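Please read the structure below before turning to the comments.
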Amino acid sequence: MNDIERRVAELYEQLSHHARLYYKDDAPVISDAEYDALLRELWEMERAYPELARPDSPTKRVGSAALEKFVKIRHERPMLSLDNVFDTGELRSFIDRLEAAIEGQGALVCEMKIDGLAVSLIYEDGVFVRGATRGDGRVGEDVTENLRTVKTLPLRLKKTVPGRLEVRGEVLITREQFAELNRVREENGEALFANPRNAAAGSLRQLDSKITAARGLSIFLYYIVDAPGRGVFRQSDTLRWLADHGLPTQEAWAFCDSAEEVTAFIEKWRERRFDLNYVTDGVVVKLDDIALWDRLGSTSHAPRWAVAFKYPPEVVFTRVLSIDISVGRTGVLTPVANLDPVQVGGTTVQRAGLHNEDEVRRKDIRVGDRVRLHKAGEIIPEILEVEKDARTGAEVPFEMPEKCPACGSPVVRLPGEVAVRCPNRSSCPAQLKEGIRYFASRGGMDIRGLGDKLAEQMVEKKIIRSLPDIYTLTKEDLAGLDRMGDKSAQNLLDAVEESKKRPLSALIAALGIRFVGNKIAEILGDHFGSMEALRSVSEEELALVEGIGPVIASSVEAFFRDPANGELLTCFEESGVTALSLRDDRAGIKVPREGIFTGMTVVFTGELLSIARNEAEKQVKALGGKTASSVSSKTSLVVAGEKAGSKLEKAKTLGVRIVDEAEFLAMLG
């Protein structure tokens, strides 16, 4: 693997990881600006080296898959994302492309870009009947009952609209509600929401609608599905129609006749946006004439008739009071700056992550320094640079400790890595605490109730000294812990017992192997079928598995080569953790039978109209086959739906058998 391929692989992993934190967990750890920079770097590399672009690239994604805890709803018309531009030059290029495509100058509409969660609402004869999140753009989550608690959402339209009406918009939380929500969470010892968008998303995606109701969410609408069918032919008229029917719309929008008027709107709101009671990070620019939207079409993830202009992050000045060290699940030591409290985007910032030792040295951040700080989109604060002219000589340079602050072990820095690590995986309390949280998470062993605060108590009181100790917990161990009554203790023990039945892929993901997330864990579980088989496989064999590759293969092989990890798995087995394969009906999953797809690898491309993609893949697996995301010489069959693209062309080139949706359904019988 050369440097280009390695960097692309790193970007895939980083962007997928951060997208998962942002969209699924509602808990981002980097700023919008940092994410956008990574995404742009990958986009530019894929453009320069198109052979490295994969079908599942983060540059082609809209959002994230719907969570399993919600009923799935398939959108009749996809809910797309928006492409971003970051300066007026890029914006002008977008407008020029629009005008070239429509062969003339078209009027535009500017709307503030709301930092919320996209939703679709269905009204029947003027009455609200159903609502769903965007999800991955095609399949979302049914959050109808939670949406009913949003007080600004009318359950009956001001004017009756006959038949079925679908409108779309953003659920959001105001600045005041966000500040109050985090204040209460801090008092209760709960993790704070990183920004209003994730607070809104986390609040709407609650199984208990009472929790949602208590969060004080709001909503703005901006889109009518099949607007011409309602006699609405322009986006400017859409906003007026929505407001006229009692649906809330934001007042910060404008009709623009020219690119100059668009630029004027953007400049007008550059500072005034902070006076709004909700968070915005840019301006959405749309072609006003809806009839031209279908003509212009869209890419796989974004329309060609609209774009989002992103404002640069807000920058403030503050001072570094001290620098602490945080120790993560994998032993990485991360410096964190404690700051003189400062207001950024309506919230008070007191800490900022400094990433690693090299980053601190590169920026030459010292205790006592006056620094420039930004916090794009109300997310994670970042120190941009030091005001070196303001130094007095009393500033103290940062030194990474030679020993882990949590356990006292000498730290190490592996060749080729910027991270400094504590190698004491077996008994470092900081690593163990984070490891418990990761192991018990929803994507891992899904042990409900085993959160950060409880994990911290158990480690401090030495109730848990290693991960397998989770499976030897008793009520006596839990007695006396904060907020752990008899019922809570029993619920936790029940969750621990239930987690023993989790499938092999869940255990693989929970182990925290580097570069191995839920999707890779599923591929490994599907391919090898048992932990025993996976533990004995070589790096070369792993690299041959479709969807794995050399970087992941090396990481997986190194993990299982470590004797300490072997002992860990033995302890799990002795504790009754069955690590079931997806092929095992004891995991609650249908055992694949010998069938028409036995021994075959099937790839889907395009849009399936009669069956959801994930359901089609399950059917293939149930009939003995495997599915893959890309076409290769190992592909046995390609199922081509509507608007099939490059996968179909590659299948033709390789001579792979191709069937349409009707033929595939016939094969299912």
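So you can find residues: chains in the structure tokens are A, B, ... in the order shown, residues in each start at 1, and ligands are numbered from 1 in order.
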Non-local contacts of region 112-125 of chain A (8 Å; only C-alpha atoms; under 5 positions in same chain excluded) as a PDB file with C-alpha atoms, in the first residue's frame:
ATOM      1  CA  ARG A 130     -46.748  10.456  10.751  1.00  0.00           C
ATOM      2  CA  GLY A 131     -43.212  11.806  11.005  1.00  0.00           C
ATOM      3  CA  ALA A 132     -39.788  10.341  10.290  1.00  0.00           C
ATOM      4  CA  THR A 133     -36.121  11.311  10.460  1.00  0.00           C
ATOM      5  CA  ARG A 134     -33.998  11.471   7.329  1.00  0.00           C
ATOM      6  CA  THR A 160     -57.551  22.081   5.479  1.00  0.00           C
ATOM      7  CA  VAL A 161     -55.575  20.451   2.684  1.00  0.00           C
ATOM      8  CA  PRO A 162     -57.368  17.487   1.097  1.00  0.00           C
ATOM      9  CA  GLY A 163     -55.567  14.173   0.703  1.00  0.00           C
ATOM     10  CA  ARG A 164     -51.992  13.355   1.610  1.00  0.00           C
ATOM     11  CA  LEU A 165     -49.467  16.162   2.135  1.00  0.00           C
ATOM     12  CA  GLU A 166     -45.756  15.613   2.820  1.00  0.00           C
ATOM     13  CA  VAL A 167     -43.636  18.511   4.069  1.00  0.00           C
ATOM     14  CA  ARG A 168     -40.050  18.562   5.296  1.00  0.00           C
ATOM     15  CA  GLY A 169     -37.975  20.670   7.623  1.00  0.00           C
ATOM     16  CA  GLU A 170     -35.632  20.721  10.623  1.00  0.00           C
ATOM     17  CA  VAL A 171     -36.246  19.975  14.286  1.00  0.00           C
ATOM     18  CA  LEU A 172     -34.063  22.227  16.433  1.00  0.00           C
ATOM     19  CA  ILE A 173     -33.454  23.423  19.942  1.00  0.00           C
ATOM     20  CA  PRO A 196     -27.665  22.122  19.677  1.00  0.00           C
ATOM     21  CA  ARG A 197     -27.935  19.876  16.623  1.00  0.00           C
ATOM     22  CA  ASN A 198     -26.999  16.774  18.598  1.00  0.00           C
ATOM     23  CA  ALA A 200     -32.126  18.086  19.142  1.00  0.00           C
ATOM     24  CA  ALA A 201     -31.314  14.755  17.517  1.00  0.00           C
ATOM     25  CA  ALA A 252     -34.633  34.897   7.882  1.00  0.00           C
ATOM     26  CA  TRP A 253     -34.947  34.298   4.128  1.00  0.00           C
ATOM     27  CA  TYR A 278     -31.457  29.204  17.121  1.00  0.00           C
ATOM     28  CA  VAL A 279     -28.091  28.136  15.734  1.00  0.00           C
ATOM     29  CA  THR A 280     -27.219  28.528  12.070  1.00  0.00           C
ATOM     30  CA  ASP A 281     -23.869  27.909  10.412  1.00  0.00           C
ATOM     31  CA  GLY A 282     -24.533  29.138   6.899  1.00  0.00           C
ATOM     32  CA  VAL A 283     -26.994  30.020   4.158  1.00  0.00           C
ATOM     33  CA  VAL A 284     -28.832  27.630   1.829  1.00  0.00           C
ATOM     34  CA  ALA A 308     -25.066  25.398   1.411  1.00  0.00           C
ATOM     35  CA  GLY A 377     -21.497  24.961  14.655  1.00  0.00           C
TER      36      GLY A 377
END
(Q) Please return, as number ranges by chain, all residues of region 38-132 of chain A that DSSP assigns to strand (DSSP E or B) on the basis of the backbone. (A) A: 72-74, 84-85, 108-114, 117-124, 127-132
Q.
According to DSSP computed on the backbone, where in region 504-666 of chain A is there alpha helix (DSSP H)? Give the residues as an MDAnalysis selection string.
A. chainID A and resid 504:510 518:528 531:535 539:543 549:561 563:574 613:622 646:654 661:666
**Q.** Long-range neighbours of region 232-245 of chain A as a PyMOL selection string, 9 Å cut-off, only C-alpha atoms, 3 positions minimum in chain
**A.** chain A and resi 108-109+157-161+167+221-224+226-229+248-250+253-255+286-291
Please produce a file of those selected residues containing C-alpha atoms, as a PDB file, in the first residue's frame.
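Wrote part23.pdb, looks like this:
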ATOM      1  CA  LEU A 108     -32.673  32.388  -6.226  1.00  0.00           C
ATOM      2  CA  VAL A 109     -33.910  32.024  -2.654  1.00  0.00           C
ATOM      3  CA  LEU A 157     -53.246  22.667   9.638  1.00  0.00           C
ATOM      4  CA  LYS A 158     -54.658  26.164   9.794  1.00  0.00           C
ATOM      5  CA  LYS A 159     -56.293  25.533   6.419  1.00  0.00           C
ATOM      6  CA  THR A 160     -57.551  22.081   5.479  1.00  0.00           C
ATOM      7  CA  VAL A 161     -55.575  20.451   2.684  1.00  0.00           C
ATOM      8  CA  VAL A 167     -43.636  18.511   4.069  1.00  0.00           C
ATOM      9  CA  LEU A 221     -40.478  23.738   7.576  1.00  0.00           C
ATOM     10  CA  TYR A 222     -39.114  24.638   4.142  1.00  0.00           C
ATOM     11  CA  TYR A 223     -40.122  21.989   1.567  1.00  0.00           C
ATOM     12  CA  ILE A 224     -43.297  20.534   0.059  1.00  0.00           C
ATOM     13  CA  ASP A 226     -44.810  17.583  -5.083  1.00  0.00           C
ATOM     14  CA  ALA A 227     -45.336  21.289  -4.546  1.00  0.00           C
ATOM     15  CA  PRO A 228     -46.681  21.804  -8.112  1.00  0.00           C
ATOM     16  CA  GLY A 229     -49.474  19.373  -7.240  1.00  0.00           C
ATOM     17  CA  PRO A 248     -43.696  27.369  11.166  1.00  0.00           C
ATOM     18  CA  THR A 249     -41.061  28.831   8.844  1.00  0.00           C
ATOM     19  CA  GLN A 250     -38.053  30.955   9.685  1.00  0.00           C
ATOM     20  CA  TRP A 253     -34.947  34.298   4.128  1.00  0.00           C
ATOM     21  CA  ALA A 254     -34.963  36.387   0.984  1.00  0.00           C
ATOM     22  CA  PHE A 255     -35.815  36.288  -2.733  1.00  0.00           C
ATOM     23  CA  LYS A 286     -31.814  27.411  -3.891  1.00  0.00           C
ATOM     24  CA  LEU A 287     -33.059  27.934  -7.425  1.00  0.00           C
ATOM     25  CA  ASP A 288     -36.493  29.496  -7.029  1.00  0.00           C
ATOM     26  CA  ASP A 289     -38.201  27.828 -10.036  1.00  0.00           C
ATOM     27  CA  ILE A 290     -39.266  24.361  -8.828  1.00  0.00           C
ATOM     28  CA  ALA A 291     -39.969  23.174 -12.398  1.00  0.00           C
TER      29      ALA A 291
END
Q. Using only C-alpha atoms, which residues sit within 6 Å of region 260-277 of chain A once same-chain residues fewer than 3 positions away are excluded, as an MDAnalysis selection string?
A. chainID A and resid 174:175 256
Q: Rank A:Glu382, A:Glu395, A:Glu434, A:Glu460 by their smallest atom-to-atom distance to Gly328 (chain A), using only C-alpha atoms, and report the top residue only.
A: A:Glu434
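Comparing A:Asp3, A:Asp358, A:Asp142, A:Asp369 by their smallest distance to Glu385 (chain A), the closest is A:Asp369 (using only C-alpha atoms).
In this model, the gap between CA of Ala430 (chain A) and CA of Lys487 (chain A) comes to 28.2 Å.
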Q.
Which residues are close to region 444-449 of chain A, i.e. within 9 Å by only C-alpha atoms, leaving aside same-chain residues fewer than 6 positions away? Reply as a VMD selection string.
A. chain A and resid 438 488 491 to 492 494 to 503 505 to 512 518
Suppose we keep C-alpha atoms; can you now write the selection as a tab-separated table (two decimals), in the first residue's frame?
chain	number	residue	atom	x	y	z
A	438	TYR	CA	-17.19	1.01	24.78
A	488	SER	CA	-31.64	-0.87	39.18
A	491	ASN	CA	-32.00	-4.55	35.71
A	492	LEU	CA	-28.26	-4.23	35.18
A	494	ASP	CA	-30.40	-8.90	33.62
A	495	ALA	CA	-28.82	-6.77	30.88
A	496	VAL	CA	-25.42	-8.35	31.54
A	497	GLU	CA	-26.94	-11.83	31.27
A	498	GLU	CA	-28.79	-10.94	28.07
A	499	SER	CA	-25.60	-9.60	26.51
A	500	LYS	CA	-24.07	-13.08	26.66
A	501	LYS	CA	-26.34	-14.00	23.74
A	502	ARG	CA	-25.11	-11.21	21.48
A	503	PRO	CA	-23.87	-12.34	18.06
A	505	SER	CA	-20.12	-9.47	15.23
A	506	ALA	CA	-21.20	-7.58	18.38
A	507	LEU	CA	-18.39	-9.13	20.44
A	508	ILE	CA	-15.84	-8.39	17.70
A	509	ALA	CA	-16.97	-4.75	17.65
A	510	ALA	CA	-16.99	-4.53	21.47
A	511	LEU	CA	-13.36	-5.66	21.72
A	512	GLY	CA	-12.25	-2.29	20.40
A	518	ASN	CA	-19.67	-2.43	13.43
